[in-house]
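Coordinates as given in protein-v3.txt (compact mmCIF, C-alpha atoms):
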```
# COMPACT_ATOMS: atom_id res chain seq x y z
CA MET A 1 116.26 -28.32 113.06
CA ASP A 2 117.57 -31.86 113.56
CA LYS A 3 115.85 -34.48 111.43
CA LYS A 4 115.72 -38.22 112.08
CA TYR A 5 115.92 -39.22 108.40
CA ASP A 6 117.71 -37.92 105.33
CA VAL A 7 114.97 -39.10 102.95
CA VAL A 8 111.48 -40.53 103.22
CA VAL A 9 110.15 -42.19 100.05
CA TRP A 10 106.45 -41.31 100.09
CA GLY A 11 104.26 -43.72 98.13
CA ALA A 12 106.74 -46.57 98.50
CA SER A 13 104.15 -49.28 97.84
CA GLY A 14 103.35 -48.00 94.34
CA PHE A 15 105.21 -49.37 91.32
CA THR A 16 107.56 -46.41 90.80
CA GLY A 17 107.91 -45.84 94.53
CA ARG A 18 109.02 -49.43 94.93
CA LEU A 19 111.65 -48.97 92.20
CA VAL A 20 112.99 -45.88 93.99
CA CYS A 21 113.24 -47.93 97.20
CA GLU A 22 114.98 -50.82 95.45
CA TYR A 23 117.48 -48.37 93.97
CA LEU A 24 118.27 -46.70 97.30
CA PHE A 25 118.54 -50.06 99.08
CA LYS A 26 120.86 -51.58 96.48
CA ASN A 27 123.03 -48.53 95.83
CA TYR A 28 123.16 -46.96 99.29
CA THR A 29 122.08 -49.32 102.11
CA LEU A 30 123.78 -52.50 100.86
CA LYS A 31 126.93 -50.59 99.90
CA GLY A 32 127.17 -48.97 103.33
CA ARG A 33 126.86 -45.46 101.93
CA ASP A 34 125.74 -42.77 104.34
CA LEU A 35 121.98 -42.44 103.89
CA ASN A 36 119.39 -42.75 106.65
CA TRP A 37 116.07 -43.27 104.93
CA ALA A 38 112.56 -44.60 105.49
CA ILE A 39 109.51 -45.60 103.48
CA GLY A 40 106.12 -43.97 103.90
CA GLY A 41 102.48 -44.32 102.92
CA ARG A 42 99.05 -44.86 104.43
CA ASN A 43 98.82 -48.67 104.36
CA PHE A 44 101.16 -50.46 106.77
CA ASN A 45 100.51 -53.92 105.33
CA LYS A 46 101.47 -52.86 101.80
CA LEU A 47 104.60 -51.11 103.05
CA GLU A 48 105.54 -54.13 105.16
CA ARG A 49 105.19 -56.32 102.06
CA ILE A 50 107.56 -54.03 100.14
CA ARG A 51 110.03 -54.09 103.01
CA THR A 52 109.87 -57.90 103.29
CA ASP A 53 110.06 -58.61 99.55
CA PHE A 54 112.58 -55.99 98.40
CA LEU A 55 114.31 -54.39 101.41
CA ASN A 56 114.98 -55.48 105.00
CA ASP A 57 113.93 -54.61 108.55
CA SER A 58 116.58 -51.88 108.84
CA ILE A 59 114.35 -49.58 106.74
CA PRO A 60 111.72 -47.90 108.98
CA ILE A 61 108.07 -47.46 108.01
CA ILE A 62 106.18 -44.18 108.48
CA ILE A 63 102.38 -44.05 108.26
CA ALA A 64 100.60 -40.87 107.14
CA ASP A 65 97.74 -39.81 104.87
CA SER A 66 97.80 -37.30 101.99
CA ASP A 67 94.53 -35.78 103.26
CA ASP A 68 95.56 -35.57 106.92
CA ILE A 69 97.67 -32.47 107.52
CA ASP A 70 98.55 -33.51 111.10
CA SER A 71 100.08 -36.79 109.94
CA LEU A 72 101.90 -34.97 107.11
CA ASN A 73 103.32 -32.52 109.64
CA GLU A 74 104.68 -35.41 111.69
CA LEU A 75 106.15 -36.95 108.54
CA THR A 76 107.88 -33.77 107.40
CA LYS A 77 109.20 -32.96 110.88
CA SER A 78 111.11 -36.26 110.77
CA THR A 79 112.99 -35.92 107.46
CA LYS A 80 115.28 -33.59 105.53
CA VAL A 81 113.68 -34.58 102.20
CA VAL A 82 110.35 -36.01 101.10
CA CYS A 83 110.64 -37.91 97.81
CA THR A 84 107.11 -38.50 96.55
CA THR A 85 105.72 -40.66 93.77
CA VAL A 86 102.08 -40.19 94.81
CA GLY A 87 100.11 -38.66 91.95
CA PRO A 88 98.15 -37.15 90.43
CA TYR A 89 99.82 -34.39 92.41
CA ALA A 90 96.87 -32.04 91.92
CA LYS A 91 94.90 -34.52 94.04
CA TYR A 92 97.49 -35.72 96.52
CA GLY A 93 100.37 -33.24 96.57
CA SER A 94 99.23 -29.82 97.80
CA LYS A 95 99.00 -30.51 101.53
CA LEU A 96 102.33 -32.35 101.44
CA VAL A 97 104.04 -29.34 99.83
CA GLN A 98 102.57 -27.06 102.50
CA ALA A 99 103.72 -29.40 105.28
CA CYS A 100 107.24 -29.53 103.82
CA ILE A 101 107.44 -25.74 103.76
CA GLU A 102 106.00 -25.39 107.27
CA ASN A 103 108.46 -27.92 108.71
CA LYS A 104 111.48 -26.99 106.58
CA SER A 105 111.79 -30.23 104.68
CA HIS A 106 112.96 -30.22 101.05
CA TYR A 107 110.76 -31.97 98.49
CA CYS A 108 111.07 -33.66 95.09
CA ASP A 109 108.44 -35.29 92.87
CA LEU A 110 107.58 -36.56 89.38
CA ALA A 111 104.92 -33.95 88.66
CA GLY A 112 104.14 -33.23 85.02
CA GLU A 113 100.92 -31.37 85.83
CA VAL A 114 101.48 -27.82 84.59
CA GLN A 115 98.30 -26.43 86.14
CA TRP A 116 99.22 -27.78 89.58
CA ILE A 117 102.82 -26.57 89.46
CA HIS A 118 101.47 -23.15 88.42
CA LYS A 119 99.19 -23.20 91.46
CA MET A 120 102.04 -24.21 93.78
CA ILE A 121 104.17 -21.36 92.45
CA GLN A 122 101.41 -18.82 93.11
CA GLU A 123 100.57 -20.16 96.56
CA ASN A 124 103.90 -21.32 97.96
CA HIS A 125 106.95 -19.89 96.18
CA GLU A 126 107.46 -16.96 98.53
CA SER A 127 106.83 -18.94 101.73
CA ALA A 128 109.26 -21.64 100.57
CA LYS A 129 111.89 -18.95 99.96
CA THR A 130 111.25 -17.44 103.39
CA ASN A 131 111.64 -20.84 105.10
CA LYS A 132 114.64 -21.77 102.93
CA VAL A 133 112.98 -24.85 101.46
CA LYS A 134 113.57 -26.32 98.02
CA ILE A 135 110.38 -27.64 96.37
CA VAL A 136 111.56 -29.38 93.21
CA ASN A 137 109.03 -30.63 90.69
CA SER A 138 109.51 -32.82 87.62
CA CYS A 139 112.47 -34.95 88.68
CA GLY A 140 111.85 -37.87 86.31
CA PHE A 141 111.85 -38.31 82.53
CA ASP A 142 109.75 -35.20 82.68
CA SER A 143 111.78 -33.07 82.96
CA ILE A 144 115.34 -33.90 84.05
CA PRO A 145 116.80 -34.92 80.65
CA SER A 146 115.44 -31.72 79.07
CA ASP A 147 116.17 -29.35 81.94
CA MET A 148 119.59 -30.74 82.80
CA GLY A 149 120.41 -31.18 79.11
CA VAL A 150 119.96 -27.46 78.48
CA TYR A 151 121.82 -26.68 81.72
CA PHE A 152 124.74 -28.85 80.55
CA ILE A 153 124.83 -27.18 77.12
CA HIS A 154 124.79 -23.68 78.64
CA LYS A 155 127.58 -24.60 81.07
CA GLU A 156 129.82 -26.05 78.36
CA LEU A 157 129.28 -23.16 75.94
CA LYS A 158 129.77 -20.54 78.66
CA ASN A 159 133.19 -22.06 79.36
CA LYS A 160 133.98 -21.43 75.67
CA LYS A 161 132.69 -17.83 75.84
CA GLN A 162 129.68 -18.71 73.69
CA SER A 163 125.97 -18.11 74.32
CA ILE A 164 122.79 -19.87 73.20
CA LYS A 165 120.29 -18.44 70.76
CA SER A 166 118.00 -21.47 70.49
CA ILE A 167 117.79 -25.19 71.23
CA ASP A 168 115.44 -27.63 69.51
CA MET A 169 115.29 -30.99 71.27
CA ARG A 170 114.30 -33.96 69.13
CA VAL A 171 113.57 -37.44 70.50
CA ALA A 172 115.82 -39.49 68.21
CA GLY A 173 115.08 -42.86 69.77
CA VAL A 174 113.17 -44.36 72.66
CA LYS A 175 112.23 -47.83 73.88
CA GLY A 176 109.64 -47.93 76.63
CA GLY A 177 106.27 -46.25 77.12
CA ILE A 178 104.79 -43.75 79.52
CA SER A 179 104.01 -44.94 83.03
CA GLY A 180 100.53 -45.60 84.35
CA GLY A 181 101.03 -42.80 86.85
CA THR A 182 101.96 -40.38 84.08
CA TYR A 183 98.86 -41.32 82.11
CA ALA A 184 96.69 -40.87 85.22
CA SER A 185 98.19 -37.42 85.75
CA LEU A 186 97.65 -36.50 82.08
CA ASN A 187 94.04 -37.63 82.40
CA ASN A 188 93.57 -35.37 85.39
CA VAL A 189 95.15 -32.41 83.56
CA ILE A 190 92.83 -32.91 80.57
CA LYS A 191 89.80 -33.27 82.83
CA GLU A 192 90.61 -30.05 84.70
CA SER A 193 91.27 -28.15 81.45
CA TYR A 194 87.79 -29.04 80.17
CA GLU A 195 86.24 -27.93 83.45
CA ASP A 196 88.14 -24.66 83.88
CA LYS A 197 89.02 -22.24 81.05
CA GLU A 198 91.72 -20.61 83.17
CA ILE A 199 93.54 -23.94 83.39
CA PHE A 200 93.29 -24.29 79.62
CA LYS A 201 94.96 -20.87 79.29
CA ILE A 202 97.74 -21.93 81.65
CA LEU A 203 98.37 -25.08 79.62
CA SER A 204 98.34 -23.12 76.36
CA ASN A 205 100.81 -20.41 77.40
CA PRO A 206 104.41 -21.54 76.70
CA TYR A 207 105.62 -19.27 79.53
CA SER A 208 102.95 -19.99 82.15
CA LEU A 209 105.45 -21.28 84.75
CA ASN A 210 107.59 -18.15 84.51
CA PRO A 211 107.29 -15.45 87.20
CA TYR A 212 104.68 -12.74 86.60
CA GLY A 213 106.04 -10.08 84.27
CA TYR A 214 107.96 -12.66 82.25
CA GLN A 215 105.11 -14.81 80.90
CA ASP A 216 105.56 -14.03 77.23
CA GLY A 217 108.26 -14.45 74.61
CA LYS A 218 109.05 -15.67 71.10
CA ASP A 219 108.26 -19.36 71.62
CA ARG A 220 104.97 -20.71 70.29
CA GLN A 221 102.78 -23.49 71.62
CA ASP A 222 104.23 -26.99 71.50
CA LEU A 223 103.95 -28.86 68.21
CA ARG A 224 100.56 -30.53 67.69
CA LYS A 225 100.88 -31.93 64.18
CA VAL A 226 103.27 -33.75 61.85
CA ILE A 227 105.55 -31.41 59.89
CA TYR A 228 108.86 -31.41 58.02
CA ASP A 229 111.55 -30.08 60.33
CA LYS A 230 114.22 -27.82 58.86
CA VAL A 231 116.33 -28.27 61.98
CA SER A 232 116.75 -32.06 61.90
CA LYS A 233 115.87 -32.34 58.19
CA LYS A 234 113.35 -35.05 59.05
CA TRP A 235 109.63 -35.39 59.63
CA ILE A 236 108.67 -34.73 63.23
CA GLY A 237 105.55 -35.03 65.35
CA PRO A 238 104.30 -34.06 68.81
CA PHE A 239 106.19 -35.23 71.89
CA ILE A 240 103.85 -36.11 74.75
CA MET A 241 106.19 -34.66 77.41
CA ALA A 242 106.84 -31.38 75.60
CA SER A 243 103.99 -29.56 77.33
CA ILE A 244 105.75 -29.83 80.70
CA ASN A 245 109.40 -30.06 79.63
CA THR A 246 109.46 -26.84 77.61
CA LYS A 247 107.84 -24.86 80.42
CA ILE A 248 110.27 -26.25 83.01
CA VAL A 249 113.23 -25.24 80.82
CA ARG A 250 111.79 -21.73 80.40
CA ARG A 251 111.18 -21.43 84.14
CA SER A 252 114.79 -22.47 84.78
CA ASN A 253 115.92 -19.69 82.48
CA ALA A 254 113.65 -17.08 84.09
CA ILE A 255 114.38 -17.80 87.76
CA SER A 256 118.13 -18.11 87.14
CA GLY A 257 118.19 -14.49 85.99
CA PHE A 258 117.89 -15.46 82.32
CA ASN A 259 121.20 -17.31 82.18
CA TYR A 260 120.25 -18.59 78.72
CA GLY A 261 119.23 -15.11 77.53
CA LYS A 262 115.92 -13.23 77.49
CA ASP A 263 115.43 -14.13 73.81
CA PHE A 264 116.34 -17.81 74.26
CA ARG A 265 114.03 -20.15 72.32
CA TYR A 266 113.33 -23.81 73.02
CA SER A 267 111.18 -26.53 71.44
CA GLU A 268 110.66 -30.29 71.62
CA ALA A 269 109.34 -32.87 69.16
CA THR A 270 109.69 -36.53 68.19
CA THR A 271 111.74 -37.44 65.12
CA ALA A 272 110.01 -39.78 62.65
CA GLY A 273 112.44 -40.05 59.73
CA LYS A 274 113.07 -38.89 56.17
CA GLY A 275 110.96 -39.09 53.02
CA ILE A 276 107.50 -40.56 52.68
CA LYS A 277 108.32 -43.34 55.18
CA GLY A 278 109.22 -40.73 57.76
CA LYS A 279 106.01 -38.81 57.14
CA ILE A 280 103.89 -41.95 57.51
CA LYS A 281 105.76 -42.94 60.68
CA GLY A 282 105.13 -39.45 62.05
CA TYR A 283 101.38 -39.92 61.72
CA ILE A 284 101.57 -43.43 63.18
CA ASN A 285 103.54 -42.11 66.18
CA ALA A 286 101.07 -39.25 66.69
CA PHE A 287 97.95 -41.42 66.45
CA PRO A 288 97.95 -42.63 70.12
CA LEU A 289 97.99 -39.00 71.30
CA ILE A 290 94.44 -38.64 69.94
CA PHE A 291 93.34 -41.13 72.59
CA VAL A 292 95.42 -39.56 75.36
CA ALA A 293 94.03 -36.07 74.66
CA ALA A 294 90.44 -37.20 74.15
CA LYS A 295 87.59 -35.50 75.99
CA PRO A 296 86.70 -37.10 79.36
CA LYS A 297 83.94 -39.74 79.14
CA SER A 298 84.22 -39.88 75.32
CA ILE A 299 84.45 -43.21 73.50
CA LEU A 300 88.08 -42.48 72.62
CA LYS A 301 88.89 -41.85 76.27
CA MET A 302 87.14 -45.06 77.30
CA VAL A 303 89.26 -46.98 74.79
CA ALA A 304 92.42 -45.26 76.03
CA ASN A 305 91.62 -46.12 79.63
CA LYS A 306 91.35 -49.80 78.69
CA ILE A 307 94.55 -50.10 76.65
CA LEU A 308 96.97 -47.69 78.37
CA PRO A 309 98.87 -48.65 81.56
CA LYS A 310 97.23 -48.31 84.97
CA PRO A 311 98.84 -46.67 88.01
CA GLY A 312 100.66 -49.20 90.16
CA HIS A 313 101.55 -51.47 87.24
CA GLY A 314 104.60 -51.47 85.01
CA PRO A 315 106.97 -53.43 82.78
CA SER A 316 109.13 -56.36 83.81
CA LYS A 317 112.68 -55.88 85.02
CA ASN A 318 113.94 -57.21 81.69
CA ASN A 319 111.88 -54.69 79.72
CA ARG A 320 113.01 -51.84 81.97
CA GLU A 321 116.66 -52.77 81.61
CA ASN A 322 116.39 -53.19 77.82
CA GLY A 323 114.79 -49.78 77.39
CA TYR A 324 116.61 -46.54 76.55
CA TYR A 325 116.16 -43.02 75.20
CA ASN A 326 118.27 -40.85 72.94
CA LEU A 327 117.58 -37.11 72.87
CA LYS A 328 119.29 -34.82 70.35
CA PHE A 329 119.64 -31.12 71.10
CA TYR A 330 120.11 -28.96 68.00
CA ILE A 331 121.88 -25.82 69.18
CA LYS A 332 122.28 -22.44 67.52
CA THR A 333 124.58 -19.92 69.20
CA ASN A 334 124.23 -16.16 69.10
CA ASP A 335 127.08 -16.00 66.58
CA ASN A 336 125.09 -18.46 64.39
CA LYS A 337 127.23 -21.53 64.97
CA GLU A 338 125.35 -24.83 64.92
CA MET A 339 126.13 -27.92 66.96
CA ILE A 340 124.45 -30.99 68.44
CA ALA A 341 124.43 -32.42 71.96
CA ARG A 342 122.85 -35.63 73.21
CA VAL A 343 121.33 -36.91 76.42
CA ILE A 344 121.14 -40.71 76.55
CA GLY A 345 119.47 -42.82 79.23
CA ASP A 346 120.35 -46.47 79.81
CA MET A 347 116.89 -47.77 80.83
CA ASP A 348 113.28 -47.28 79.81
CA PRO A 349 112.24 -43.66 80.40
CA GLY A 350 108.95 -44.12 82.25
CA TYR A 351 110.09 -46.41 85.06
CA GLY A 352 113.71 -47.56 85.15
CA SER A 353 115.43 -44.28 84.38
CA THR A 354 112.79 -42.15 86.09
CA SER A 355 113.16 -44.00 89.40
CA LYS A 356 116.95 -43.54 89.35
CA MET A 357 116.69 -39.83 88.53
CA LEU A 358 114.18 -39.21 91.31
CA ALA A 359 116.22 -41.19 93.84
CA GLU A 360 119.42 -39.30 93.04
CA SER A 361 117.53 -35.99 93.22
CA ALA A 362 116.38 -36.88 96.74
CA VAL A 363 119.88 -37.86 97.87
CA CYS A 364 121.32 -34.72 96.28
CA LEU A 365 118.85 -32.54 98.21
CA ALA A 366 119.61 -34.37 101.46
CA LYS A 367 123.37 -34.78 101.33
CA ASP A 368 125.01 -32.32 98.93
CA ASP A 369 126.23 -28.80 99.66
CA LEU A 370 123.84 -26.99 97.33
CA LYS A 371 123.70 -23.31 96.52
CA GLU A 372 121.22 -21.22 98.49
CA SER A 373 118.30 -21.09 96.08
CA TYR A 374 114.84 -21.70 97.52
CA GLY A 375 111.21 -21.70 96.46
CA ILE A 376 109.32 -23.69 93.83
CA LEU A 377 112.31 -24.69 91.74
CA THR A 378 113.35 -26.85 88.81
CA PRO A 379 115.99 -29.60 88.93
CA SER A 380 118.70 -27.41 87.39
CA THR A 381 118.00 -24.33 89.52
CA ALA A 382 117.76 -26.36 92.73
CA MET A 383 120.72 -28.71 92.29
CA GLY A 384 122.71 -27.73 89.19
CA GLU A 385 126.19 -29.18 88.78
CA LEU A 386 125.93 -31.55 91.74
CA LEU A 387 122.85 -33.25 90.30
CA LEU A 388 124.48 -33.38 86.85
CA ASN A 389 127.40 -35.27 88.38
CA ARG A 390 125.10 -37.72 90.18
CA LEU A 391 123.07 -38.42 87.05
CA GLN A 392 126.22 -39.31 85.11
CA GLU A 393 128.00 -41.21 87.87
CA ASN A 394 125.04 -43.12 89.33
CA ALA A 395 121.83 -42.87 87.28
CA GLY A 396 122.98 -44.07 83.86
CA LEU A 397 122.62 -40.77 81.97
CA SER A 398 125.22 -39.38 79.60
CA PHE A 399 125.49 -35.77 78.45
CA LYS A 400 127.80 -35.07 75.52
CA PHE A 401 128.43 -33.03 72.38
CA GLU A 402 128.78 -34.73 69.02
```

Translate the structure of the given file into structure tokens.
Amino acid sequence: MDKKYDVVVWGASGFTGRLVCEYLFKNYTLKGRDLNWAIGGRNFNKLERIRTDFLNDSIPIIIADSDDIDSLNELTKSTKVVCTTVGPYAKYGSKLVQACIENKSHYCDLAGEVQWIHKMIQENHESAKTNKVKIVNSCGFDSIPSDMGVYFIHKELKNKKQSIKSIDMRVAGVKGGISGGTYASLNNVIKESYEDKEIFKILSNPYSLNPYGYQDGKDRQDLRKVIYDKVSKKWIGPFIMASINTKIVRRSNAISGFNYGKDFRYSEATTAGKGIKGKIKGYINAFPLIFVAAKPKSILKMVANKILPKPGHGPSKNNRENGYYNLKFYIKTNDNKEMIARVIGDMDPGYGSTSKMLAESAVCLAKDDLKESYGILTPSTAMGELLLNRLQENAGLSFKFE
């Protein structure tokens, strides 16, 4: 089926959507690189303002509505890839996924909503495979650095005839907070988990995004307290993105035919430091999570809603460019060798780096000669080596062993 566009950025008038558009315009349109793309949303005036302020008239505008399946069908008939920043995805993503599958358009998003991804797998994985469509969730800070980091480690060790027993990822450094959209999505996840016990079970199961028959293993629930870590030999605390990242990594392993091994173990946490100062810092770092995880309509949640970022708003360009993240992967091989790899991002995780990762994922899906894997996929299982190359060459990520 011939498509008019390579990529449509859906939700282009939002803060992160605008950053994706700026990136594509600067790095593809202005450089004359082969990419035919458009911006989409439901409000023409807002999209026109984005086009006037940050792009130019060569970028077409497409109008559709997340609740209107007919308009979504027209959208997805026109493009090879839909790149969407419109969340929470549990509210605004389901019909778009269905339209993409129906009209054979690939899809990438920033979803960190485990319960929604689980639902999409149950409802759409087989039909996406049948129609040869790649639906790729979690293409931002959650979960590309984790998923592609483990993919990179496996690839490098396989070349040396070694295999992985376990990987423990520790956030060694970060400058920049979570995005307003991420917080809104987390809020929706927490709300749904209080309303539905089945959703709580899905969130609690470390293997809930694996195919049926493979939803158990040796990994425990993600860390929820401050402890001394024998792996990094430092105090560590909970990492807010672990609940999605760890499950995406495990799904990658499962749907790749257990490339990392059926007994592969994976964890994530945030490093605080050594000694009593490290322990105190661990509790200080963990304190805001009490507000994030608070019960809906509680006083704590009301406070969190006032002080945490709102969807559609974000940091200045200077703050984005001065941000970074440094992730350390502590590796143990099956012959008990230990080594460390790092993934480093050159901008703040929630906005600057995330927008570049999502943009390159969309271009990769549209332009690269990818292997024939289809369904509800992860970044590594959908795009693999070709995405890894793009992230390093274009998106400011580095993957390396110490």

Using all atoms of range 36-46 of chain A listed in the file and a margin of 3 Å per side, can you give the axis-aligned box centre and edge lengths in Å to one decimal, as JSON?
```
{"center_x": 109.1, "center_y": -48.3, "center_z": 104.3, "size_x": 26.6, "size_y": 17.2, "size_z": 11.0}
```

Discussion item. Can you tell me which residues surround range 45-49 of chain A at a distance of at most 6 Å, considering only C-alpha atoms, apart from same-chain residues fewer than 3 positions away, and format the answer as a PyMOL selection string?
Written reply: chain A and resi 13+52-53

Practice prompt. Can you pull out every residue within 10 Å of Pro88 in chain A, counting all atoms listed in the file, but drop anything in the same chain fewer than 3 positions away, and send it as an MDAnalysis selection string?
Written response: chainID A and resid 85 91:93 110:113 116 181:189 311

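If you measure from each of A:Leu30, A:Asn259, A:Tyr325, A:Cys100 to Lys155 in chain A using only C-alpha atoms, the closest one turns out to be A:Asn259.
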
Discussion item. Between A:Asp147, A:Ile121, A:Val292, A:Phe141, which residue has the minimum interatomic distance to Gly176 in chain A, considering only C-alpha atoms?
Written reply: A:Phe141

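Using only C-alpha atoms, the protein and nucleic acid residues lying no more than 10 Å from range 158-160 of chain A, apart from those fewer than 4 places from it along its own chain, are Phe152, Ile153, His154, Ile164, Asn259 and Tyr260 of chain A.
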
Need to verify the contact set: Asp68 in chain A, 12 Å, only C-alpha atoms, exclusion of same-chain residues closer than 3 positions in sequence. Can you return it as a short mmCIF file (atom, residue, chain, number, x, y, z; two decimals) with C-alpha atoms, keeping the file's coordinate frame?
```cif
data_model
loop_
_atom_site.label_atom_id
_atom_site.label_comp_id
_atom_site.auth_asym_id
_atom_site.auth_seq_id
_atom_site.Cartn_x
_atom_site.Cartn_y
_atom_site.Cartn_z
CA GLY A 41 102.48 -44.32 102.92
CA ARG A 42 99.05 -44.86 104.43
CA ILE A 63 102.38 -44.05 108.26
CA ALA A 64 100.60 -40.87 107.14
CA ASP A 65 97.74 -39.81 104.87
CA SER A 71 100.08 -36.79 109.94
CA LEU A 72 101.90 -34.97 107.11
CA ASN A 73 103.32 -32.52 109.64
CA GLU A 74 104.68 -35.41 111.69
CA LEU A 75 106.15 -36.95 108.54
CA TYR A 92 97.49 -35.72 96.52
CA GLY A 93 100.37 -33.24 96.57
CA SER A 94 99.23 -29.82 97.80
CA LYS A 95 99.00 -30.51 101.53
CA LEU A 96 102.33 -32.35 101.44
CA GLN A 98 102.57 -27.06 102.50
CA ALA A 99 103.72 -29.40 105.28
#
```

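A straight line drawn from CA of Ala12 in chain A to CA of Phe54 in chain A is 11.1 Å long.
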
Find the spatial neighbours of Arg251 in chain A, counting all atoms listed in the file, within a cut-off of 12 Å - ignore same-chain residues fewer than 2 positions away - and output them as an mmCIF file with C-alpha atoms, in the coordinates of the input.
```cif
data_model
loop_
_atom_site.group_PDB
_atom_site.id
_atom_site.type_symbol
_atom_site.label_atom_id
_atom_site.label_comp_id
_atom_site.auth_asym_id
_atom_site.auth_seq_id
_atom_site.Cartn_x
_atom_site.Cartn_y
_atom_site.Cartn_z
ATOM 1 C CA VAL A 114 101.480 -27.820 84.590
ATOM 2 C CA ILE A 117 102.820 -26.570 89.460
ATOM 3 C CA HIS A 118 101.470 -23.150 88.420
ATOM 4 C CA ILE A 121 104.170 -21.360 92.450
ATOM 5 C CA ASN A 137 109.030 -30.630 90.690
ATOM 6 C CA SER A 143 111.780 -33.070 82.960
ATOM 7 C CA ASP A 147 116.170 -29.350 81.940
ATOM 8 C CA PRO A 206 104.410 -21.540 76.700
ATOM 9 C CA TYR A 207 105.620 -19.270 79.530
ATOM 10 C CA SER A 208 102.950 -19.990 82.150
ATOM 11 C CA LEU A 209 105.450 -21.280 84.750
ATOM 12 C CA ASN A 210 107.590 -18.150 84.510
ATOM 13 C CA PRO A 211 107.290 -15.450 87.200
ATOM 14 C CA TYR A 212 104.680 -12.740 86.600
ATOM 15 C CA TYR A 214 107.960 -12.660 82.250
ATOM 16 C CA GLN A 215 105.110 -14.810 80.900
ATOM 17 C CA ASP A 216 105.560 -14.030 77.230
ATOM 18 C CA ILE A 244 105.750 -29.830 80.700
ATOM 19 C CA ASN A 245 109.400 -30.060 79.630
ATOM 20 C CA THR A 246 109.460 -26.840 77.610
ATOM 21 C CA LYS A 247 107.840 -24.860 80.420
ATOM 22 C CA ILE A 248 110.270 -26.250 83.010
ATOM 23 C CA VAL A 249 113.230 -25.240 80.820
ATOM 24 C CA ASN A 253 115.920 -19.690 82.480
ATOM 25 C CA ALA A 254 113.650 -17.080 84.090
ATOM 26 C CA ILE A 255 114.380 -17.800 87.760
ATOM 27 C CA SER A 256 118.130 -18.110 87.140
ATOM 28 C CA GLY A 257 118.190 -14.490 85.990
ATOM 29 C CA PHE A 258 117.890 -15.460 82.320
ATOM 30 C CA ASN A 259 121.200 -17.310 82.180
ATOM 31 C CA TYR A 260 120.250 -18.590 78.720
ATOM 32 C CA LYS A 262 115.920 -13.230 77.490
ATOM 33 C CA PHE A 264 116.340 -17.810 74.260
ATOM 34 C CA TYR A 266 113.330 -23.810 73.020
ATOM 35 C CA ILE A 376 109.320 -23.690 93.830
ATOM 36 C CA LEU A 377 112.310 -24.690 91.740
ATOM 37 C CA THR A 378 113.350 -26.850 88.810
ATOM 38 C CA PRO A 379 115.990 -29.600 88.930
ATOM 39 C CA SER A 380 118.700 -27.410 87.390
ATOM 40 C CA THR A 381 118.000 -24.330 89.520
ATOM 41 C CA ALA A 382 117.760 -26.360 92.730
#
```

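Across A:Tyr324, A:Tyr351, A:Trp37, A:Phe287, the tightest approach to Leu397 in chain A is made by A:Tyr324 when counting only C-alpha atoms.
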
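Minimum distance to Glu321 in chain A across A:Glu195, A:Asp348, A:Glu338, A:Asp2 (counting only C-alpha atoms) occurs at A:Asp348.
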
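Coordinates place CA of His125 in chain A at a distance of 24.0 Å from CA of Leu388 in chain A.
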
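Each of A:Ile50, A:Gln392, A:Gly261, A:Met120 was checked against Gly11 in chain A using all atoms listed in the file; the smallest atom-to-atom distance is that of A:Ile50.
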